[in-house]
Amino acid sequence: MPNMPGGFTEPMDATEEIQKICDQVKGQVQENTKKIYEELRAVKYTSQIVHGTNYLIKVHVGGCIYLHLKVYKSLPCDGGEVVLISVHDDKDDTIVPL
């Protein structure tokens with residue numbers, strides 16, 4: 001389903017690109033949660049095109065623990081920086097805009 005302007009996509013299975021974004025923010029996640037994670041494996045995601053892209057990513061961090069990450073990636077012309085906006089404990093299986 002195509003993006004509606006300003007809207008989030010339907011949740012999709014994580015891709016290699018989404019995993020790379022998670023790898024880039026792993027340190028920020030650990031600093032934010034004050035925990036060290038052996039893995040930060042992207043499972044599902046949804047995205048929103050703004051001046052750059054907002055991502056909501058469900059990640060597996062070990063055992064039966066999942067987190068939801070909100071990440072912003074600026075446009076390449078603005079440096080393509082990847083920044084963690086927030087981290088939330090997984091309340092259920094769905095990812096929804098926070």
# chains A, B, ... in the order shown; residues from 1 in each chain; ligands from 1
>>> residues_around(residues="range 38-50 of chain A", least_positions_apart="3", cutoff="8 Å", atoms="only C-alpha atoms", output="PyMOL selection string")
chain A and resi 3+5-15+18-19+22-23+26+53-62+95
>>> select_by_dssp(residues="chain A", states="alpha helix (DSSP H)", output="JSON, numbers by chain")
{"A": [16, 17, 18, 19, 20, 21, 22, 23, 24, 25, 26, 27, 28, 29, 30, 31, 32, 33]}
>>> write_last_selection(atoms="N, CA and C atoms", output="JSON list (two decimals), in the first residue's frame")
[["chain", "number", "residue", "atom", "x", "y", "z"],
["A", 16, "GLU", "N", 16.97, -5.55, 5.31],
["A", 16, "GLU", "CA", 18.38, -5.34, 5.63],
["A", 16, "GLU", "C", 18.63, -3.85, 5.93],
["A", 17, "GLU", "N", 18.00, -2.96, 5.18],
["A", 17, "GLU", "CA", 18.15, -1.52, 5.41],
["A", 17, "GLU", "C", 17.65, -1.13, 6.80],
["A", 18, "ILE", "N", 16.53, -1.69, 7.22],
["A", 18, "ILE", "CA", 15.98, -1.39, 8.54],
["A", 18, "ILE", "C", 16.91, -1.93, 9.63],
["A", 19, "GLN", "N", 17.49, -3.11, 9.42],
["A", 19, "GLN", "CA", 18.45, -3.66, 10.38],
["A", 19, "GLN", "C", 19.66, -2.73, 10.51],
["A", 20, "LYS", "N", 20.12, -2.18, 9.39],
["A", 20, "LYS", "CA", 21.27, -1.26, 9.44],
["A", 20, "LYS", "C", 20.93, -0.02, 10.27],
["A", 21, "ILE", "N", 19.70, 0.47, 10.16],
["A", 21, "ILE", "CA", 19.26, 1.62, 10.96],
["A", 21, "ILE", "C", 19.31, 1.24, 12.44],
["A", 22, "CYS", "N", 18.82, 0.05, 12.78],
["A", 22, "CYS", "CA", 18.86, -0.42, 14.17],
["A", 22, "CYS", "C", 20.29, -0.52, 14.68],
["A", 23, "ASP", "N", 21.17, -1.04, 13.84],
["A", 23, "ASP", "CA", 22.58, -1.14, 14.23],
["A", 23, "ASP", "C", 23.16, 0.24, 14.52],
["A", 24, "GLN", "N", 22.75, 1.25, 13.74],
["A", 24, "GLN", "CA", 23.27, 2.61, 13.92],
["A", 24, "GLN", "C", 22.80, 3.23, 15.24],
["A", 25, "VAL", "N", 21.61, 2.86, 15.72],
["A", 25, "VAL", "CA", 21.08, 3.49, 16.94],
["A", 25, "VAL", "C", 21.23, 2.60, 18.18],
["A", 26, "LYS", "N", 21.90, 1.45, 18.05],
["A", 26, "LYS", "CA", 22.03, 0.53, 19.19],
["A", 26, "LYS", "C", 22.61, 1.22, 20.42],
["A", 27, "GLY", "N", 23.66, 1.99, 20.24],
["A", 27, "GLY", "CA", 24.27, 2.70, 21.37],
["A", 27, "GLY", "C", 23.30, 3.68, 22.00],
["A", 28, "GLN", "N", 22.52, 4.37, 21.18],
["A", 28, "GLN", "CA", 21.53, 5.32, 21.69],
["A", 28, "GLN", "C", 20.43, 4.60, 22.48],
["A", 29, "VAL", "N", 20.02, 3.42, 21.99],
["A", 29, "VAL", "CA", 19.00, 2.62, 22.69],
["A", 29, "VAL", "C", 19.52, 2.20, 24.05],
["A", 30, "GLN", "N", 20.75, 1.69, 24.10],
["A", 30, "GLN", "CA", 21.34, 1.23, 25.36],
["A", 30, "GLN", "C", 21.51, 2.39, 26.34],
["A", 31, "GLU", "N", 21.90, 3.55, 25.84],
["A", 31, "GLU", "CA", 22.04, 4.73, 26.69],
["A", 31, "GLU", "C", 20.68, 5.16, 27.24],
["A", 32, "ASN", "N", 19.66, 5.12, 26.38],
["A", 32, "ASN", "CA", 18.30, 5.54, 26.76],
["A", 32, "ASN", "C", 17.69, 4.61, 27.79],
["A", 33, "THR", "N", 17.89, 3.30, 27.62],
["A", 33, "THR", "CA", 17.27, 2.30, 28.51],
["A", 33, "THR", "C", 18.17, 1.92, 29.68]]
>>> residues_around(residues="range 79-85 of chain A", least_positions_apart="3", cutoff="7 Å", atoms="only C-alpha atoms", output="NGL selection string")
:A and (25 or 28 or 70-76)
>>> write_last_selection(atoms="all heavy atoms", output="PDB file, in the first residue's frame")
ATOM      1  N   VAL A  25      21.609   2.862  15.719  1.00  0.00           N
ATOM      2  CA  VAL A  25      21.078   3.488  16.944  1.00  0.00           C
ATOM      3  C   VAL A  25      21.234   2.602  18.175  1.00  0.00           C
ATOM      4  O   VAL A  25      20.776   2.974  19.263  1.00  0.00           O
ATOM      5  CB  VAL A  25      19.594   3.921  16.783  1.00  0.00           C
ATOM      6  CG1 VAL A  25      19.463   4.957  15.684  1.00  0.00           C
ATOM      7  CG2 VAL A  25      18.674   2.739  16.563  1.00  0.00           C
ATOM      8  N   GLN A  28      22.521   4.374  21.179  1.00  0.00           N
ATOM      9  CA  GLN A  28      21.533   5.319  21.689  1.00  0.00           C
ATOM     10  C   GLN A  28      20.434   4.596  22.477  1.00  0.00           C
ATOM     11  O   GLN A  28      19.978   5.095  23.505  1.00  0.00           O
ATOM     12  CB  GLN A  28      20.906   6.113  20.539  1.00  0.00           C
ATOM     13  CG  GLN A  28      21.881   7.021  19.799  1.00  0.00           C
ATOM     14  CD  GLN A  28      21.242   7.658  18.587  1.00  0.00           C
ATOM     15  OE1 GLN A  28      20.245   8.358  18.705  1.00  0.00           O
ATOM     16  NE2 GLN A  28      21.808   7.415  17.409  1.00  0.00           N
ATOM     17  N   LYS A  70      11.377   4.531  17.835  1.00  0.00           N
ATOM     18  CA  LYS A  70      11.009   5.561  16.871  1.00  0.00           C
ATOM     19  C   LYS A  70      12.314   6.225  16.469  1.00  0.00           C
ATOM     20  O   LYS A  70      13.057   6.719  17.324  1.00  0.00           O
ATOM     21  CB  LYS A  70      10.051   6.586  17.461  1.00  0.00           C
ATOM     22  CG  LYS A  70       9.589   7.605  16.424  1.00  0.00           C
ATOM     23  CD  LYS A  70       8.486   8.496  16.944  1.00  0.00           C
ATOM     24  CE  LYS A  70       7.984   9.402  15.823  1.00  0.00           C
ATOM     25  NZ  LYS A  70       6.879  10.259  16.289  1.00  0.00           N
ATOM     26  N   VAL A  71      12.600   6.184  15.178  1.00  0.00           N
ATOM     27  CA  VAL A  71      13.875   6.658  14.639  1.00  0.00           C
ATOM     28  C   VAL A  71      13.598   7.638  13.500  1.00  0.00           C
ATOM     29  O   VAL A  71      12.685   7.415  12.690  1.00  0.00           O
ATOM     30  CB  VAL A  71      14.724   5.474  14.119  1.00  0.00           C
ATOM     31  CG1 VAL A  71      16.027   5.941  13.514  1.00  0.00           C
ATOM     32  CG2 VAL A  71      14.970   4.455  15.230  1.00  0.00           C
ATOM     33  N   TYR A  72      14.378   8.693  13.438  1.00  0.00           N
ATOM     34  CA  TYR A  72      14.280   9.656  12.339  1.00  0.00           C
ATOM     35  C   TYR A  72      15.556   9.594  11.514  1.00  0.00           C
ATOM     36  O   TYR A  72      16.664   9.600  12.071  1.00  0.00           O
ATOM     37  CB  TYR A  72      14.087  11.083  12.871  1.00  0.00           C
ATOM     38  CG  TYR A  72      14.148  12.124  11.782  1.00  0.00           C
ATOM     39  CD1 TYR A  72      13.100  12.278  10.888  1.00  0.00           C
ATOM     40  CD2 TYR A  72      15.280  12.919  11.627  1.00  0.00           C
ATOM     41  CE1 TYR A  72      13.160  13.216   9.870  1.00  0.00           C
ATOM     42  CE2 TYR A  72      15.351  13.865  10.617  1.00  0.00           C
ATOM     43  CZ  TYR A  72      14.287  14.008   9.745  1.00  0.00           C
ATOM     44  OH  TYR A  72      14.362  14.929   8.735  1.00  0.00           O
ATOM     45  N   LYS A  73      15.397   9.527  10.192  1.00  0.00           N
ATOM     46  CA  LYS A  73      16.547   9.559   9.273  1.00  0.00           C
ATOM     47  C   LYS A  73      16.374  10.771   8.364  1.00  0.00           C
ATOM     48  O   LYS A  73      15.388  10.864   7.629  1.00  0.00           O
ATOM     49  CB  LYS A  73      16.628   8.276   8.444  1.00  0.00           C
ATOM     50  CG  LYS A  73      17.837   8.242   7.522  1.00  0.00           C
ATOM     51  CD  LYS A  73      17.952   6.926   6.799  1.00  0.00           C
ATOM     52  CE  LYS A  73      19.200   6.917   5.934  1.00  0.00           C
ATOM     53  NZ  LYS A  73      19.349   5.661   5.210  1.00  0.00           N
ATOM     54  N   SER A  74      17.333  11.697   8.451  1.00  0.00           N
ATOM     55  CA  SER A  74      17.255  12.893   7.617  1.00  0.00           C
ATOM     56  C   SER A  74      17.577  12.557   6.167  1.00  0.00           C
ATOM     57  O   SER A  74      18.143  11.498   5.857  1.00  0.00           O
ATOM     58  CB  SER A  74      18.188  13.986   8.152  1.00  0.00           C
ATOM     59  OG  SER A  74      19.534  13.586   8.066  1.00  0.00           O
ATOM     60  N   LEU A  75      17.224  13.460   5.282  1.00  0.00           N
ATOM     61  CA  LEU A  75      17.493  13.272   3.855  1.00  0.00           C
ATOM     62  C   LEU A  75      18.994  13.274   3.594  1.00  0.00           C
ATOM     63  O   LEU A  75      19.752  13.934   4.325  1.00  0.00           O
ATOM     64  CB  LEU A  75      16.846  14.406   3.054  1.00  0.00           C
ATOM     65  CG  LEU A  75      15.318  14.439   3.058  1.00  0.00           C
ATOM     66  CD1 LEU A  75      14.827  15.746   2.444  1.00  0.00           C
ATOM     67  CD2 LEU A  75      14.754  13.250   2.311  1.00  0.00           C
ATOM     68  N   PRO A  76      19.435  12.571   2.543  1.00  0.00           N
ATOM     69  CA  PRO A  76      20.862  12.571   2.211  1.00  0.00           C
ATOM     70  C   PRO A  76      21.438  13.984   2.037  1.00  0.00           C
ATOM     71  O   PRO A  76      22.556  14.266   2.467  1.00  0.00           O
ATOM     72  CB  PRO A  76      20.923  11.781   0.906  1.00  0.00           C
ATOM     73  CG  PRO A  76      19.725  10.888   0.965  1.00  0.00           C
ATOM     74  CD  PRO A  76      18.664  11.679   1.678  1.00  0.00           C
TER      75      PRO A  76
END
>>> select_by_dssp(residues="range 33-86 of chain A", states="strand (DSSP E)", output="PyMOL selection string")
chain A and resi 41-50+52-62+65-73+82-86
